$ cat target-v5.cif   # mmCIF, C-alpha atoms
data_my_file
#
loop_
_atom_site.label_atom_id
_atom_site.label_comp_id
_atom_site.auth_asym_id
_atom_site.auth_seq_id
_atom_site.Cartn_x
_atom_site.Cartn_y
_atom_site.Cartn_z
CA MET A 1 0.00 0.00 0.00
CA GLY A 2 2.88 2.38 0.73
CA HIS A 3 4.34 1.97 -2.76
CA ASN A 4 1.09 2.95 -4.47
CA LEU A 5 0.75 6.06 -2.33
CA MET A 6 4.32 7.10 -3.12
CA ARG A 7 3.76 6.54 -6.86
CA GLN A 8 0.63 8.65 -6.83
CA LYS A 9 2.51 11.49 -5.18
CA LEU A 10 5.47 11.28 -7.60
CA ILE A 11 3.56 10.94 -10.90
CA PRO A 12 2.69 14.67 -11.23
CA PHE A 13 6.40 15.57 -10.95
CA LEU A 14 7.67 13.21 -13.68
CA PRO A 15 7.33 15.76 -16.54
CA PHE A 16 9.76 18.05 -14.70
CA LEU A 17 12.51 15.46 -15.12
CA ALA A 18 12.59 16.19 -18.85
CA PHE A 19 13.40 19.86 -18.22
CA MET A 20 16.02 19.63 -15.46
CA PRO A 21 19.12 21.76 -16.18
CA ASN A 22 21.49 18.96 -15.17
CA ALA A 23 20.16 16.84 -18.03
CA TYR A 24 21.31 19.47 -20.54
CA ALA A 25 24.77 20.08 -19.05
CA ALA A 26 26.61 17.52 -21.19
CA GLU A 27 24.88 18.37 -24.48
CA MET A 28 26.15 20.78 -27.09
CA PHE A 29 22.70 21.13 -28.68
CA ALA A 30 19.51 21.31 -26.61
CA TRP A 31 17.39 19.17 -28.92
CA LYS A 32 15.14 17.94 -26.10
CA SER A 33 13.73 21.40 -25.54
CA TYR A 34 13.00 21.76 -29.27
CA LEU A 35 11.17 18.44 -29.27
CA ALA A 36 9.19 19.40 -26.18
CA VAL A 37 8.10 22.65 -27.83
CA ILE A 38 7.21 20.82 -31.05
CA MET A 39 5.07 18.34 -29.14
CA LEU A 40 3.27 21.03 -27.14
CA VAL A 41 2.55 23.12 -30.25
CA ALA A 42 1.35 20.07 -32.17
CA LEU A 43 -0.87 18.96 -29.30
CA GLY A 44 -2.41 22.41 -28.93
CA ILE A 45 -3.13 22.74 -32.65
CA ALA A 46 -4.47 19.16 -32.82
CA ILE A 47 -6.89 19.74 -29.95
CA LYS A 48 -8.09 23.02 -31.47
CA LEU A 49 -8.62 21.44 -34.90
CA THR A 50 -10.47 18.49 -33.37
CA LEU A 51 -12.78 20.65 -31.30
CA ASN A 52 -13.60 22.78 -34.35
CA ASN A 53 -14.39 19.74 -36.52
CA PRO A 54 -18.18 19.23 -36.64
CA LYS A 55 -17.88 15.69 -38.04
CA ALA A 56 -16.15 14.34 -34.91
CA GLU A 57 -19.16 13.65 -32.71
CA SER A 58 -18.17 10.77 -30.44
CA ARG A 59 -15.38 10.80 -27.89
CA ALA A 60 -13.55 7.97 -29.68
CA ALA A 61 -13.62 9.89 -32.97
CA LYS A 62 -12.25 12.99 -31.25
CA ILE A 63 -9.42 11.02 -29.64
CA LEU A 64 -8.46 9.35 -32.92
CA LEU A 65 -8.66 12.61 -34.85
CA THR A 66 -6.54 14.38 -32.24
CA GLY A 67 -3.90 11.66 -32.55
CA LEU A 68 -3.94 11.90 -36.33
CA TYR A 69 -3.62 15.68 -36.31
CA PHE A 70 -0.90 15.49 -33.66
CA TRP A 71 1.33 13.16 -35.67
CA VAL A 72 0.81 14.97 -38.99
CA ILE A 73 1.67 18.32 -37.42
CA THR A 74 4.62 16.84 -35.51
CA PHE A 75 6.15 15.35 -38.67
CA ALA A 76 5.58 18.58 -40.60
CA GLU A 77 7.36 20.55 -37.87
CA LEU A 78 10.23 18.05 -37.76
CA ILE A 79 10.68 18.27 -41.52
CA LEU A 80 10.71 22.06 -41.27
CA LEU A 81 13.33 21.96 -38.49
CA ALA A 82 15.43 19.47 -40.48
CA LEU A 83 15.38 21.79 -43.49
CA ILE A 84 16.34 24.77 -41.35
CA TYR A 85 19.15 22.74 -39.77
CA HIS A 86 20.39 21.56 -43.17
CA PHE A 87 20.52 25.01 -44.71
CA THR A 88 22.19 26.57 -41.68
CA GLN A 89 24.88 23.87 -41.55
CA THR A 90 25.85 24.03 -45.22
CA GLN A 91 26.80 27.72 -45.18
#
$ encode --input "target-v5.cif" --output "structure tokens"
Amino acid sequence: MGHNLMRQKLIPFLPFLAFMPNAYAAEMFAWKSYLAVIMLVALGIAIKLTLNNPKAESRAAKILLTGLYFWVITFAELILLALIYHFTQTQ
């Protein structure tokens, strides 16, 4: 019983582990923060597009549509960042 209580108290703090400064100390390029921003932007846009879609009536349809929008937007953003990285490295 004690383990479950400790897990429940620690779960809300797990996302902060991804943004700890010590995790970035050994890296030359902070790619984790770029990926975190990409994911948050994609999730926000996906939720907004799903809520504005009149064809998504059931909860299951909204969840699936949000996932679809999320991955399409995420890949589009990653391609854009890859192009920016490529053109800035070749100069």
$ residues_around --input "target-v5.cif" --residues "A:Leu68" --least-positions-apart "6" --cutoff "10 Å" --atoms "all atoms listed in the file" --output "list of chain:residue names"
A:Ala46, A:Thr50, A:Lys62, A:Thr74
$ atom_distance --input "target-v5.cif" --atom1 "atom CA of A:Leu49" --atom2 "atom CA of A:Ala36"
19.9 Å
$ closest_residue --input "target-v5.cif" --among "A:Ile84, A:Ala76, A:Ala61, A:Ala56" --to "A:Val41" --atoms "only C-alpha atoms"
A:Ala76
$ residues_around --input "target-v5.cif" --residues "A:Glu77" --least-positions-apart "5" --cutoff "10 Å" --atoms "all atoms listed in the file" --output "short mmCIF file (atom, residue, chain, number, x, y, z; two decimals) with C-alpha atoms, keeping the file's coordinate frame"
data_model
loop_
_atom_site.label_atom_id
_atom_site.label_comp_id
_atom_site.auth_asym_id
_atom_site.auth_seq_id
_atom_site.Cartn_x
_atom_site.Cartn_y
_atom_site.Cartn_z
CA LEU A 35 11.17 18.44 -29.27
CA ILE A 38 7.21 20.82 -31.05
CA MET A 39 5.07 18.34 -29.14
CA VAL A 41 2.55 23.12 -30.25
CA ALA A 42 1.35 20.07 -32.17
CA TRP A 71 1.33 13.16 -35.67
CA VAL A 72 0.81 14.97 -38.99
CA ALA A 82 15.43 19.47 -40.48
CA LEU A 83 15.38 21.79 -43.49
#
$ closest_residue --input "target-v5.cif" --among "A:Ile45, A:Trp31, A:Val37, A:Pro54" --to "A:Ile73" --atoms "only C-alpha atoms"
A:Ile45
$ atom_distance --input "target-v5.cif" --atom1 "atom CA of A:Ser58" --atom2 "atom CA of A:Leu40"
24.0 Å
$ atom_distance --input "target-v5.cif" --atom1 "atom CA of A:Phe70" --atom2 "atom CA of A:Ile47"
8.2 Å
$ closest_residue --input "target-v5.cif" --among "A:Leu51, A:Ser33, A:Tyr85, A:Gly44" --to "A:Ile63" --atoms "only C-alpha atoms"
A:Leu51
